[in-house]
$ cat entry_19.txt   # compact mmCIF, C-alpha atoms
# COMPACT_ATOMS: atom_id res chain seq x y z
CA MET Y 219 -10.21 2.01 -25.93
CA GLN Y 220 -6.68 0.70 -26.45
CA ILE Y 221 -7.67 -0.59 -29.88
CA VAL Y 222 -9.17 2.80 -30.76
CA VAL Y 223 -5.97 4.59 -29.70
CA LEU Y 224 -3.81 2.34 -31.87
CA VAL Y 225 -6.09 2.48 -34.91
CA VAL Y 226 -6.97 6.21 -34.82
CA TRP Y 227 -3.83 7.85 -33.41
CA GLN Y 228 -1.26 5.04 -33.89
CA ASN Y 229 0.46 6.16 -30.71
CA TYR Y 230 2.05 3.34 -28.72
CA VAL Y 231 2.93 5.63 -25.78
CA ALA Y 232 -0.73 6.63 -25.45
CA PHE Y 233 -1.63 2.93 -25.64
CA LEU Y 234 0.66 2.14 -22.70
CA MET Y 235 -0.52 5.16 -20.70
CA LEU Y 236 -4.13 4.12 -21.20
CA HIS Y 237 -3.28 0.63 -19.97
CA ILE Y 238 -1.56 2.01 -16.84
CA GLY Y 239 -4.41 4.45 -16.20
CA GLY Y 240 -7.03 1.72 -16.60
CA THR Y 241 -5.21 -0.55 -14.15
CA LEU Y 242 -4.85 2.29 -11.62
CA LEU Y 243 -8.53 3.22 -11.95
CA ALA Y 244 -9.59 -0.42 -11.50
CA ASN Y 245 -7.50 -0.71 -8.31
CA LEU Y 246 -9.01 2.49 -6.91
CA LEU Y 247 -12.52 1.27 -7.64
CA ILE Y 248 -11.79 -2.07 -5.97
CA ASN Y 249 -10.38 -0.26 -2.92
CA TRP Y 250 -13.44 2.01 -2.72
CA ARG Y 251 -15.83 -0.92 -3.06
CA ALA Y 252 -13.99 -2.91 -0.38
CA LYS Y 253 -14.21 0.00 2.06
CA GLN Y 254 -17.92 0.35 1.33
CA GLN Y 255 -18.66 -3.31 1.99
CA TYR Y 256 -16.17 -3.89 4.80
CA PRO Y 257 -15.74 -0.63 6.73
CA MET Y 258 -14.06 -2.51 9.57
CA LEU Y 259 -10.99 -2.89 7.36
CA THR Y 260 -10.20 0.79 7.86
CA TRP Y 261 -10.20 0.54 11.63
CA ARG Y 262 -6.93 0.98 13.46
CA SER Y 263 -6.18 -1.66 16.04
CA SER Y 264 -3.57 -1.89 18.78
CA GLN Y 265 -3.46 -5.65 18.45
CA ARG Y 266 -0.34 -7.06 16.86
CA ILE Y 267 -0.31 -9.80 14.29
CA PRO Y 268 1.14 -13.03 15.73
CA GLU Y 269 4.66 -13.78 14.56
CA THR Y 270 3.62 -17.15 13.13
CA ILE Y 271 1.07 -15.48 10.83
CA LYS Y 272 3.58 -12.84 9.74
CA GLN Y 273 6.10 -15.56 8.94
CA LYS Y 274 3.48 -17.42 6.91
CA LEU Y 275 2.64 -14.23 5.01
CA ARG Y 276 6.31 -13.58 4.24
CA GLU Y 277 6.79 -17.12 2.98
CA ASN Y 278 3.73 -16.99 0.73
CA VAL Y 279 4.72 -13.59 -0.68
CA LEU Y 280 8.25 -14.78 -1.46
CA GLY Y 281 6.91 -18.02 -2.94
CA ASN Y 282 4.47 -16.09 -5.12
CA ILE Y 283 7.24 -13.75 -6.30
CA SER Y 284 9.35 -16.79 -7.23
CA ALA Y 285 6.43 -18.21 -9.22
CA LYS Y 286 5.91 -14.92 -11.08
CA VAL Y 287 9.61 -14.64 -11.90
CA GLY Y 288 9.55 -18.15 -13.34
CA VAL Y 289 6.51 -17.36 -15.50
CA ILE Y 290 8.13 -14.17 -16.82
CA VAL Y 291 11.34 -16.02 -17.70
CA VAL Y 292 9.48 -18.84 -19.47
CA ASN Y 293 7.27 -16.51 -21.51
CA GLY Y 294 9.90 -13.85 -22.16
CA THR Y 295 12.73 -16.05 -23.39
CA ASP Y 296 10.63 -17.51 -26.22
CA ASN Y 297 10.48 -14.21 -28.09
CA LEU Y 298 14.16 -13.49 -27.42
CA LEU Y 299 15.28 -16.85 -28.80
CA ILE Y 300 13.06 -16.58 -31.88
CA SER Y 301 14.19 -13.02 -32.69
CA LYS Y 302 17.89 -13.80 -32.20
CA TYR Y 303 18.16 -17.11 -34.04
CA LEU Y 304 15.25 -16.99 -36.51
CA GLY Y 305 14.71 -13.28 -37.20
CA LEU Y 306 12.02 -10.68 -36.62
CA SER Y 307 9.90 -11.82 -39.57
CA VAL Y 308 9.39 -15.24 -37.99
CA LEU Y 309 8.74 -13.59 -34.63
CA GLY Y 310 6.10 -11.37 -36.21
CA ALA Y 311 4.25 -14.36 -37.66
CA TYR Y 312 4.49 -16.26 -34.37
CA THR Y 313 3.26 -13.25 -32.37
CA ASN Y 314 -0.13 -13.35 -34.12
CA TYR Y 315 -0.67 -16.89 -32.88
CA ALA Y 316 0.80 -16.12 -29.46
CA LEU Y 317 -1.66 -13.26 -28.92
CA ILE Y 318 -4.61 -15.59 -29.50
CA VAL Y 319 -3.14 -18.24 -27.21
CA GLN Y 320 -2.31 -15.74 -24.46
CA GLY Y 321 -5.81 -14.27 -24.66
CA LEU Y 322 -7.40 -17.69 -24.16
CA SER Y 323 -4.98 -18.59 -21.36
CA SER Y 324 -5.66 -15.28 -19.60
CA LEU Y 325 -9.42 -15.83 -19.89
CA VAL Y 326 -9.21 -19.28 -18.31
CA GLY Y 327 -6.83 -17.92 -15.66
CA GLN Y 328 -9.23 -15.11 -14.75
CA VAL Y 329 -12.12 -17.55 -14.41
CA MET Y 330 -10.07 -19.82 -12.17
CA ALA Y 331 -8.84 -16.89 -10.08
CA ALA Y 332 -12.45 -15.93 -9.43
CA ILE Y 333 -13.23 -19.31 -7.85
CA VAL Y 334 -10.02 -19.78 -5.85
CA GLY Y 335 -11.90 -18.38 -2.85
CA VAL Y 336 -14.44 -21.18 -3.15
CA PHE Y 337 -11.68 -23.78 -3.00
CA GLY Y 338 -10.13 -21.95 -0.05
CA HIS Y 339 -13.47 -22.08 1.78
CA ILE Y 340 -13.74 -25.80 1.06
CA GLY Y 341 -10.20 -26.24 2.34
CA VAL Y 342 -11.05 -24.87 5.81
CA THR Y 343 -14.63 -26.11 6.21
CA GLU Y 344 -14.74 -29.53 4.54
CA SER Y 345 -12.98 -32.83 5.10
CA VAL Y 346 -10.02 -33.95 3.02
CA ALA Y 347 -12.30 -36.38 1.18
CA GLN Y 348 -14.64 -33.56 0.14
CA GLN Y 349 -11.68 -31.42 -0.90
CA GLN Y 350 -10.48 -34.21 -3.17
CA VAL Y 351 -13.96 -34.55 -4.70
CA ALA Y 352 -13.88 -30.82 -5.51
CA TYR Y 353 -10.35 -31.20 -6.91
CA TYR Y 354 -11.26 -34.06 -9.26
CA ARG Y 355 -14.41 -32.30 -10.48
CA ASN Y 356 -12.41 -29.16 -11.15
CA LEU Y 357 -9.68 -31.17 -12.90
CA CYS Y 358 -12.26 -32.84 -15.13
CA LEU Y 359 -13.85 -29.50 -16.03
CA ILE Y 360 -10.47 -27.93 -16.80
CA ALA Y 361 -9.50 -30.94 -18.92
CA LEU Y 362 -12.75 -30.65 -20.89
CA VAL Y 363 -12.27 -26.91 -21.45
CA SER Y 364 -8.58 -27.36 -22.37
CA THR Y 365 -9.34 -30.11 -24.88
CA VAL Y 366 -12.20 -28.19 -26.49
CA LEU Y 367 -10.23 -24.93 -26.72
CA ALA Y 368 -7.11 -26.65 -28.08
CA GLY Y 369 -9.14 -28.55 -30.68
CA GLY Y 370 -11.21 -25.52 -31.58
CA CYS Y 371 -8.11 -23.39 -32.01
CA PHE Y 372 -6.50 -25.95 -34.28
CA THR Y 373 -9.69 -26.06 -36.36
CA VAL Y 374 -10.04 -22.34 -37.02
CA MET Y 375 -6.68 -20.71 -36.26
CA GLN Y 376 -5.05 -21.17 -39.66
CA ASP Y 377 -8.02 -19.79 -41.60
CA PHE Y 378 -8.48 -16.98 -39.07
CA ILE Y 379 -4.87 -15.85 -39.45
CA ARG Y 380 -5.15 -16.08 -43.23
CA LEU Y 381 -8.35 -14.00 -43.34
CA VAL Y 382 -7.17 -11.34 -40.86
CA PHE Y 383 -3.43 -10.99 -41.58
CA GLY Y 384 -2.96 -12.65 -44.97
CA PRO Y 385 -1.44 -15.92 -46.25
CA ALA Y 386 2.11 -14.67 -45.69
CA TYR Y 387 1.62 -14.87 -41.89
CA VAL Y 388 0.31 -18.45 -41.82
CA LEU Y 389 2.66 -20.91 -40.10
CA ALA Y 390 3.03 -24.62 -40.90
CA ASP Y 391 0.31 -26.96 -39.67
CA PHE Y 392 2.76 -28.89 -37.48
CA THR Y 393 3.83 -25.66 -35.79
CA VAL Y 394 0.20 -24.82 -35.06
CA LEU Y 395 -0.25 -28.34 -33.69
CA LEU Y 396 2.57 -27.72 -31.21
CA ILE Y 397 1.10 -24.30 -30.32
CA VAL Y 398 -2.34 -25.68 -29.44
CA ILE Y 399 -0.93 -28.70 -27.57
CA ASN Y 400 1.22 -26.32 -25.54
CA LEU Y 401 -1.90 -24.20 -24.93
CA GLY Y 402 -3.87 -27.24 -23.75
CA PHE Y 403 -1.10 -28.51 -21.47
CA THR Y 404 -0.69 -25.03 -19.97
CA MET Y 405 -4.41 -24.71 -19.23
CA LEU Y 406 -4.49 -28.19 -17.67
CA ARG Y 407 -2.16 -26.80 -14.98
CA GLN Y 408 -4.88 -24.45 -13.76
CA ALA Y 409 -6.55 -27.20 -11.75
CA ASN Y 410 -3.43 -27.70 -9.62
CA LEU Y 411 -2.45 -24.02 -9.49
CA SER Y 412 -5.90 -22.95 -8.28
CA PHE Y 413 -5.85 -25.45 -5.41
CA ALA Y 414 -2.24 -24.58 -4.57
CA ALA Y 415 -3.29 -20.92 -4.27
CA ALA Y 416 -6.41 -21.79 -2.26
CA LEU Y 417 -4.45 -23.95 0.19
CA GLY Y 418 -1.58 -21.46 0.54
CA LEU Y 419 1.16 -23.63 -0.95
CA PHE Y 420 3.21 -20.81 -2.49
CA TRP Y 421 6.18 -21.40 -0.21
CA THR Y 422 6.39 -25.11 -1.03
CA MET Y 423 6.36 -24.21 -4.75
CA ARG Y 424 9.11 -21.58 -4.50
CA TYR Y 425 11.73 -23.63 -6.35
CA LYS Y 426 9.44 -25.22 -8.92
CA SER Y 427 9.06 -22.17 -11.21
CA LEU Y 428 12.79 -21.50 -11.17
CA VAL Y 429 13.56 -25.10 -12.11
CA GLU Y 430 10.94 -24.92 -14.86
CA ALA Y 431 12.47 -21.71 -16.23
CA GLY Y 432 15.95 -23.27 -16.26
CA VAL Y 433 14.79 -26.46 -18.00
CA ASN Y 434 12.74 -24.47 -20.51
CA LEU Y 435 15.56 -22.10 -21.41
CA GLY Y 436 18.19 -24.84 -21.60
CA THR Y 437 16.04 -27.19 -23.70
CA SER Y 438 14.84 -24.48 -26.09
CA LEU Y 439 18.34 -23.06 -26.52
CA TRP Y 440 19.85 -26.48 -27.24
CA LEU Y 441 17.12 -27.44 -29.71
CA ILE Y 442 17.22 -24.14 -31.60
CA THR Y 443 21.02 -24.13 -31.90
CA GLN Y 444 21.69 -27.83 -32.47
CA THR Y 445 18.77 -28.80 -34.72
CA ASP Y 446 16.97 -27.49 -37.79
CA LEU Y 447 13.56 -27.41 -36.09
CA GLY Y 448 13.32 -23.62 -36.22
CA ILE Y 449 10.38 -22.18 -34.31
CA ASN Y 450 9.28 -25.72 -33.43
CA ALA Y 451 12.37 -25.98 -31.20
CA VAL Y 452 11.04 -23.26 -28.89
CA LEU Y 453 7.58 -24.82 -28.76
CA LEU Y 454 9.01 -28.27 -28.04
CA GLY Y 455 11.12 -26.71 -25.29
CA ASN Y 456 7.96 -25.36 -23.67
CA ILE Y 457 6.17 -28.71 -23.91
CA ILE Y 458 9.17 -30.69 -22.64
CA SER Y 459 9.74 -28.39 -19.64
CA ASN Y 460 6.03 -28.57 -18.83
CA LEU Y 461 6.03 -32.36 -18.88
CA VAL Y 462 9.38 -32.78 -17.11
CA VAL Y 463 8.67 -30.32 -14.28
CA ASN Y 464 5.05 -29.21 -13.92
CA PHE Y 465 3.36 -32.45 -14.96
CA TRP Y 466 4.27 -34.36 -11.79
CA TRP Y 467 5.54 -31.65 -9.43
CA GLU Y 468 2.34 -29.57 -9.13
CA PRO Y 469 -0.14 -32.40 -8.40
CA TRP Y 470 2.41 -33.95 -6.04
CA LEU Y 471 2.67 -30.69 -4.07
CA VAL Y 472 -1.12 -30.30 -3.86
CA PHE Y 473 -1.66 -33.83 -2.58
CA LYS Y 474 1.49 -34.16 -0.47
CA HIS Y 475 1.37 -30.77 1.27
CA GLY Y 476 -2.29 -29.84 0.78
CA PHE Y 477 -4.24 -33.06 1.29
CA GLN Y 478 -1.47 -35.15 2.93
CA GLN Y 479 -2.37 -37.96 0.53
CA SER Y 480 -0.61 -39.98 -2.15
CA ALA Y 481 -0.48 -38.34 -5.60
CA LYS Y 482 -0.70 -41.63 -7.52
CA CYS Y 483 -4.41 -41.32 -8.43
CA PRO Y 484 -4.29 -37.69 -9.65
CA LEU Y 485 -1.15 -38.42 -11.67
CA VAL Y 486 -2.94 -41.29 -13.44
CA LYS Y 487 -5.90 -39.03 -14.26
CA PHE Y 488 -3.57 -36.19 -15.23
CA THR Y 489 -1.72 -38.51 -17.60
CA ALA Y 490 -4.99 -39.68 -19.17
CA TYR Y 491 -6.14 -36.10 -19.78
CA HIS Y 492 -2.81 -35.15 -21.38
CA VAL Y 493 -2.84 -38.22 -23.63
CA ALA Y 494 -6.46 -37.59 -24.63
CA LEU Y 495 -5.81 -33.95 -25.49
CA ALA Y 496 -2.68 -34.65 -27.52
CA GLY Y 497 -4.25 -37.71 -29.16
CA LEU Y 498 -7.46 -35.98 -30.25
CA VAL Y 499 -5.65 -32.95 -31.64
CA GLY Y 500 -3.09 -35.25 -33.26
CA VAL Y 501 -5.80 -37.20 -35.08
CA HIS Y 502 -7.31 -33.89 -36.16
CA TYR Y 503 -3.90 -32.84 -37.49
CA VAL Y 504 -3.68 -35.98 -39.64
CA CYS Y 505 -7.14 -35.32 -41.12
CA HIS Y 506 -6.80 -31.53 -41.26
CA GLY Y 507 -5.28 -31.49 -44.75
CA TRP Y 508 -8.48 -32.89 -46.22
CA LEU Y 509 -10.46 -29.78 -45.30
CA PRO Y 510 -10.62 -26.88 -47.81
CA GLN Y 511 -9.88 -23.26 -46.91
CA MET Y 512 -12.90 -21.48 -45.46
CA GLY Y 513 -14.37 -18.00 -45.36
CA TRP Y 514 -15.85 -16.31 -42.32
CA LEU Y 515 -19.17 -18.16 -42.42
CA GLY Y 516 -17.51 -21.55 -42.81
CA LEU Y 517 -15.07 -20.63 -40.06
CA ILE Y 518 -17.89 -19.93 -37.60
CA PHE Y 519 -19.84 -23.11 -38.33
CA THR Y 520 -16.71 -25.27 -38.37
CA GLY Y 521 -15.59 -23.81 -35.05
CA MET Y 522 -18.97 -24.48 -33.47
CA GLY Y 523 -18.98 -28.02 -34.83
CA SER Y 524 -15.47 -28.57 -33.49
CA VAL Y 525 -16.50 -27.45 -29.99
CA VAL Y 526 -19.46 -29.83 -29.98
CA GLY Y 527 -17.45 -32.70 -31.45
CA TYR Y 528 -14.54 -32.43 -29.01
CA SER Y 529 -16.95 -32.10 -26.07
CA VAL Y 530 -18.88 -35.22 -27.03
CA VAL Y 531 -15.76 -37.30 -27.65
CA PHE Y 532 -14.19 -36.20 -24.36
CA ILE Y 533 -17.32 -36.96 -22.32
CA LEU Y 534 -17.70 -40.37 -23.96
CA ALA Y 535 -14.02 -41.20 -23.43
CA PHE Y 536 -14.18 -40.39 -19.71
CA SER Y 537 -17.79 -41.39 -19.01
CA CYS Y 538 -16.57 -44.13 -16.66
CA GLN Y 539 -15.33 -41.50 -14.18
CA ILE Y 540 -17.62 -40.33 -11.38
CA GLU Y 541 -16.56 -36.69 -11.80
CA THR Y 542 -17.41 -36.78 -15.51
CA ARG Y 543 -20.91 -38.03 -14.77
CA ASP Y 544 -21.26 -35.41 -12.01
CA LEU Y 545 -20.18 -32.74 -14.48
CA CYS Y 546 -22.79 -33.91 -17.00
CA LYS Y 547 -25.49 -33.81 -14.33
CA ILE Y 548 -24.54 -30.25 -13.37
CA MET Y 549 -24.50 -29.08 -17.00
CA TRP Y 550 -27.84 -30.78 -17.73
CA ARG Y 551 -29.40 -29.17 -14.66
CA GLN Y 552 -28.06 -25.74 -15.60
CA MET Y 553 -29.28 -26.00 -19.22
CA THR Y 554 -32.72 -27.50 -18.60
CA GLY Y 555 -33.55 -26.77 -14.99
CA ARG Y 556 -34.40 -30.46 -14.58
CA LYS Y 557 -32.69 -33.38 -12.95
CA TYR Y 558 -30.26 -35.47 -14.94
CA LEU Y 559 -31.84 -38.59 -16.49
CA ARG Y 560 -29.66 -41.69 -16.40

$ encode --input "entry_19.txt" --output "structure tokens"
Amino acid sequence: MQIVVLVVWQNYVAFLMLHIGGTLLANLLINWRAKQQYPMLTWRSSQRIPETIKQKLRENVLGNISAKVGVIVVNGTDNLLISKYLGLSVLGAYTNYALIVQGLSSLVGQVMAAIVGVFGHIGVTESVAQQQVAYYRNLCLIALVSTVLAGGCFTVMQDFIRLVFGPAYVLADFTVLLIVINLGFTMLRQANLSFAAALGLFWTMRYKSLVEAGVNLGTSLWLITQTDLGINAVLLGNIISNLVVNFWWEPWLVFKHGFQQSAKCPLVKFTAYHVALAGLVGVHYVCHGWLPQMGWLGLIFTGMGSVVGYSVVFILAFSCQIETRDLCKIMWRQMTGRKYLR
């Protein structure tokens, strides 16, 4: 509907009102459905919530607000820096790529949000060892999805932008490389963020997002003003802040405060997944210039081939891991309905 409003009436105010109305309607429907399924939630009770629970709720709410503020600062300052130092024309070209990246990130985020409850259930019913098994399986799955999406985007994004918006809006290949690596690294965080949410670690993460925002803004601002990197300065600022802050801090918080275990093993695996993602896309970047420009049909087949190729290479590279083999067994069982054959 929002697309129809923009195309037919070209009214941005109506576009925003439709978005607000849709969100309000969705919340009302969720509230109505919750009351239908859980009528006891509408009961009034004279019992008071224990002070310890209220304190925990306050801490988690404040921690979550801090995390959201950090995300807004990180995402919002990119456009401000590009528009101020590089101009609106560069920002317009970058926005086309950013919309695709944000759409994919939101999709992965919505999927992970839907299964946070499962991890929360595991956190209160299973042993720490079983929780770690679930964590490593989830991390492996997220790494596979991140690598495939980053590689697939690098394969088709340039030709897609050229076909939809025109050659004038196509950015340099190296810039696109940084965009998809940043996308992959951002999606890799979902494994830790989902478990942090499931285990209620918002309060322990209250400073992390603010530190990330400060490092991101400072690094991007220094690079864009002191170097000739242009838009690549902002992208490198995002990648550097992610690696300097989130890379070690988030898995450390999950294992230190969630599992009460050492974070050495997850950090080793996390490092391997980051290196594999950047390495595979980097090799693709070196060979990318050999490929000719494609039309829509070539774009579809090349994208499908890229997804298959990246999946196979990733699975082969990490086939020595138990969670990778478990993931293959689950996918084989889902696709064929039969047990996995070794």

$ atom_distance --input "entry_19.txt" --atom1 "atom CA of Y:Ala494" --atom2 "atom CA of Y:Phe536"
9.6 Å

$ residues_around --input "entry_19.txt" --residues "stretch 467-469 of chain Y" --least-positions-apart "4" --cutoff "12 Å" --atoms "all atoms listed in the file" --output "PyMOL selection string"
chain Y and resi 350+353-354+357+406-415+419-420+422-427+429-430+459-463+473-489

$ residues_near_point --input "entry_19.txt" --point "(3.1, -19.2, -0.7)" --cutoff "7 Å" --atoms "only C-alpha atoms" --output "list in words"
Glu277, Asn278, Val279, Leu280, Gly281, Asn282, Gly418, Leu419, Phe420, Trp421 and Thr422 of chain Y

$ closest_atom_pairs --input "entry_19.txt" --of "stretch 269-367 of chain Y" --to "stretch 516-530 of chain Y" --cutoff "10 Å" --atoms "only C-alpha atoms" --output "tab-separated table"
residue	atom	partner	partner_atom	distance
Y:Leu362	CA	Y:Ser529	CA	6.8
Y:Val363	CA	Y:Ser529	CA	8.4
Y:Thr365	CA	Y:Tyr528	CA	7.0
Y:Val366	CA	Y:Tyr528	CA	5.5
Y:Leu367	CA	Y:Val525	CA	7.5

$ atom_distance --input "entry_19.txt" --atom1 "atom CA of Y:Leu395" --atom2 "atom CA of Y:Ile379"
14.5 Å

$ residues_around --input "entry_19.txt" --residues "stretch 300-313 of chain Y" --least-positions-apart "6" --cutoff "7 Å" --atoms "all atoms listed in the file" --output "JSON, numbers by chain"
{"Y": [387, 448, 449]}

$ axis_aligned_box --input "entry_19.txt" --around "stretch 403-422 of chain Y" --padding-each-side "8 Å" --output "AutoDock Vina command-line options"
--center_x -0.1 --center_y -24.7 --center_z -10.5 --size_x 28.9 --size_y 23.7 --size_z 38.0

$ closest_residue --input "entry_19.txt" --among "Y:Ala431, Y:Met375, Y:Cys358, Y:Cys505" --to "Y:Thr542" --atoms "only C-alpha atoms"
Y:Cys358

$ decode --input "entry_19.txt" --residues "stretch 331-357 of chain Y" --atoms "N, CA and C atoms" --output "mmCIF file, in the first residue's frame"
data_model
loop_
_atom_site.group_PDB
_atom_site.id
_atom_site.type_symbol
_atom_site.label_atom_id
_atom_site.label_comp_id
_atom_site.auth_asym_id
_atom_site.auth_seq_id
_atom_site.Cartn_x
_atom_site.Cartn_y
_atom_site.Cartn_z
ATOM 1 N N ALA Y 331 13.960 -12.553 16.052
ATOM 2 C CA ALA Y 331 13.057 -12.118 17.123
ATOM 3 C C ALA Y 331 11.953 -13.127 17.367
ATOM 4 N N ALA Y 332 11.555 -13.828 16.298
ATOM 5 C CA ALA Y 332 10.474 -14.807 16.439
ATOM 6 C C ALA Y 332 10.898 -16.031 17.237
ATOM 7 N N ILE Y 333 12.211 -16.320 17.277
ATOM 8 C CA ILE Y 333 12.660 -17.522 17.985
ATOM 9 C C ILE Y 333 13.388 -17.200 19.285
ATOM 10 N N VAL Y 334 13.387 -15.926 19.689
ATOM 11 C CA VAL Y 334 13.996 -15.567 20.967
ATOM 12 C C VAL Y 334 13.305 -16.298 22.109
ATOM 13 N N GLY Y 335 11.970 -16.453 22.001
ATOM 14 C CA GLY Y 335 11.229 -17.169 23.030
ATOM 15 C C GLY Y 335 11.694 -18.600 23.196
ATOM 16 N N VAL Y 336 12.083 -19.226 22.103
ATOM 17 C CA VAL Y 336 12.596 -20.602 22.173
ATOM 18 C C VAL Y 336 13.886 -20.639 22.985
ATOM 19 N N PHE Y 337 14.775 -19.681 22.714
ATOM 20 C CA PHE Y 337 16.026 -19.628 23.476
ATOM 21 C C PHE Y 337 15.759 -19.302 24.950
ATOM 22 N N GLY Y 338 14.764 -18.450 25.202
ATOM 23 C CA GLY Y 338 14.406 -18.154 26.581
ATOM 24 C C GLY Y 338 13.893 -19.392 27.310
ATOM 25 N N HIS Y 339 13.097 -20.201 26.609
ATOM 26 C CA HIS Y 339 12.598 -21.453 27.199
ATOM 27 C C HIS Y 339 13.747 -22.402 27.492
ATOM 28 N N ILE Y 340 14.694 -22.498 26.566
ATOM 29 C CA ILE Y 340 15.862 -23.345 26.788
ATOM 30 C C ILE Y 340 16.666 -22.838 27.983
ATOM 31 N N GLY Y 341 16.716 -21.511 28.128
ATOM 32 C CA GLY Y 341 17.492 -20.928 29.212
ATOM 33 C C GLY Y 341 16.969 -21.254 30.594
ATOM 34 N N VAL Y 342 15.667 -21.525 30.730
ATOM 35 C CA VAL Y 342 15.098 -21.805 32.054
ATOM 36 C C VAL Y 342 14.779 -23.276 32.271
ATOM 37 N N THR Y 343 14.844 -24.088 31.217
ATOM 38 C CA THR Y 343 14.486 -25.504 31.360
ATOM 39 C C THR Y 343 15.652 -26.452 31.127
ATOM 40 N N GLU Y 344 16.687 -25.994 30.428
ATOM 41 C CA GLU Y 344 17.798 -26.882 30.077
ATOM 42 C C GLU Y 344 19.060 -26.500 30.845
ATOM 43 N N SER Y 345 20.000 -27.421 30.847
ATOM 44 C CA SER Y 345 21.286 -27.183 31.499
ATOM 45 C C SER Y 345 22.114 -26.189 30.685
ATOM 46 N N VAL Y 346 23.176 -25.700 31.325
ATOM 47 C CA VAL Y 346 24.062 -24.766 30.640
ATOM 48 C C VAL Y 346 24.695 -25.425 29.415
ATOM 49 N N ALA Y 347 25.006 -26.709 29.521
ATOM 50 C CA ALA Y 347 25.603 -27.417 28.389
ATOM 51 C C ALA Y 347 24.648 -27.448 27.203
ATOM 52 N N GLN Y 348 23.360 -27.700 27.444
ATOM 53 C CA GLN Y 348 22.386 -27.716 26.360
ATOM 54 C C GLN Y 348 22.166 -26.319 25.797
ATOM 55 N N GLN Y 349 22.232 -25.311 26.647
ATOM 56 C CA GLN Y 349 22.110 -23.936 26.167
ATOM 57 C C GLN Y 349 23.262 -23.585 25.226
ATOM 58 N N GLN Y 350 24.457 -24.041 25.567
ATOM 59 C CA GLN Y 350 25.603 -23.760 24.704
ATOM 60 C C GLN Y 350 25.500 -24.507 23.373
ATOM 61 N N VAL Y 351 24.951 -25.730 23.397
ATOM 62 C CA VAL Y 351 24.724 -26.457 22.144
ATOM 63 C C VAL Y 351 23.785 -25.667 21.245
ATOM 64 N N ALA Y 352 22.694 -25.149 21.830
ATOM 65 C CA ALA Y 352 21.743 -24.337 21.059
ATOM 66 C C ALA Y 352 22.413 -23.066 20.544
ATOM 67 N N TYR Y 353 23.269 -22.472 21.364
ATOM 68 C CA TYR Y 353 23.969 -21.245 20.946
ATOM 69 C C TYR Y 353 24.869 -21.515 19.744
ATOM 70 N N TYR Y 354 25.665 -22.566 19.805
ATOM 71 C CA TYR Y 354 26.610 -22.850 18.718
ATOM 72 C C TYR Y 354 25.889 -23.235 17.433
ATOM 73 N N ARG Y 355 24.780 -23.968 17.552
ATOM 74 C CA ARG Y 355 23.998 -24.296 16.354
ATOM 75 C C ARG Y 355 23.415 -23.033 15.735
ATOM 76 N N ASN Y 356 22.894 -22.164 16.590
ATOM 77 C CA ASN Y 356 22.328 -20.912 16.091
ATOM 78 C C ASN Y 356 23.406 -20.036 15.471
ATOM 79 N N LEU Y 357 24.588 -19.989 16.087
ATOM 80 C CA LEU Y 357 25.696 -19.203 15.549
ATOM 81 C C LEU Y 357 26.120 -19.723 14.181
#
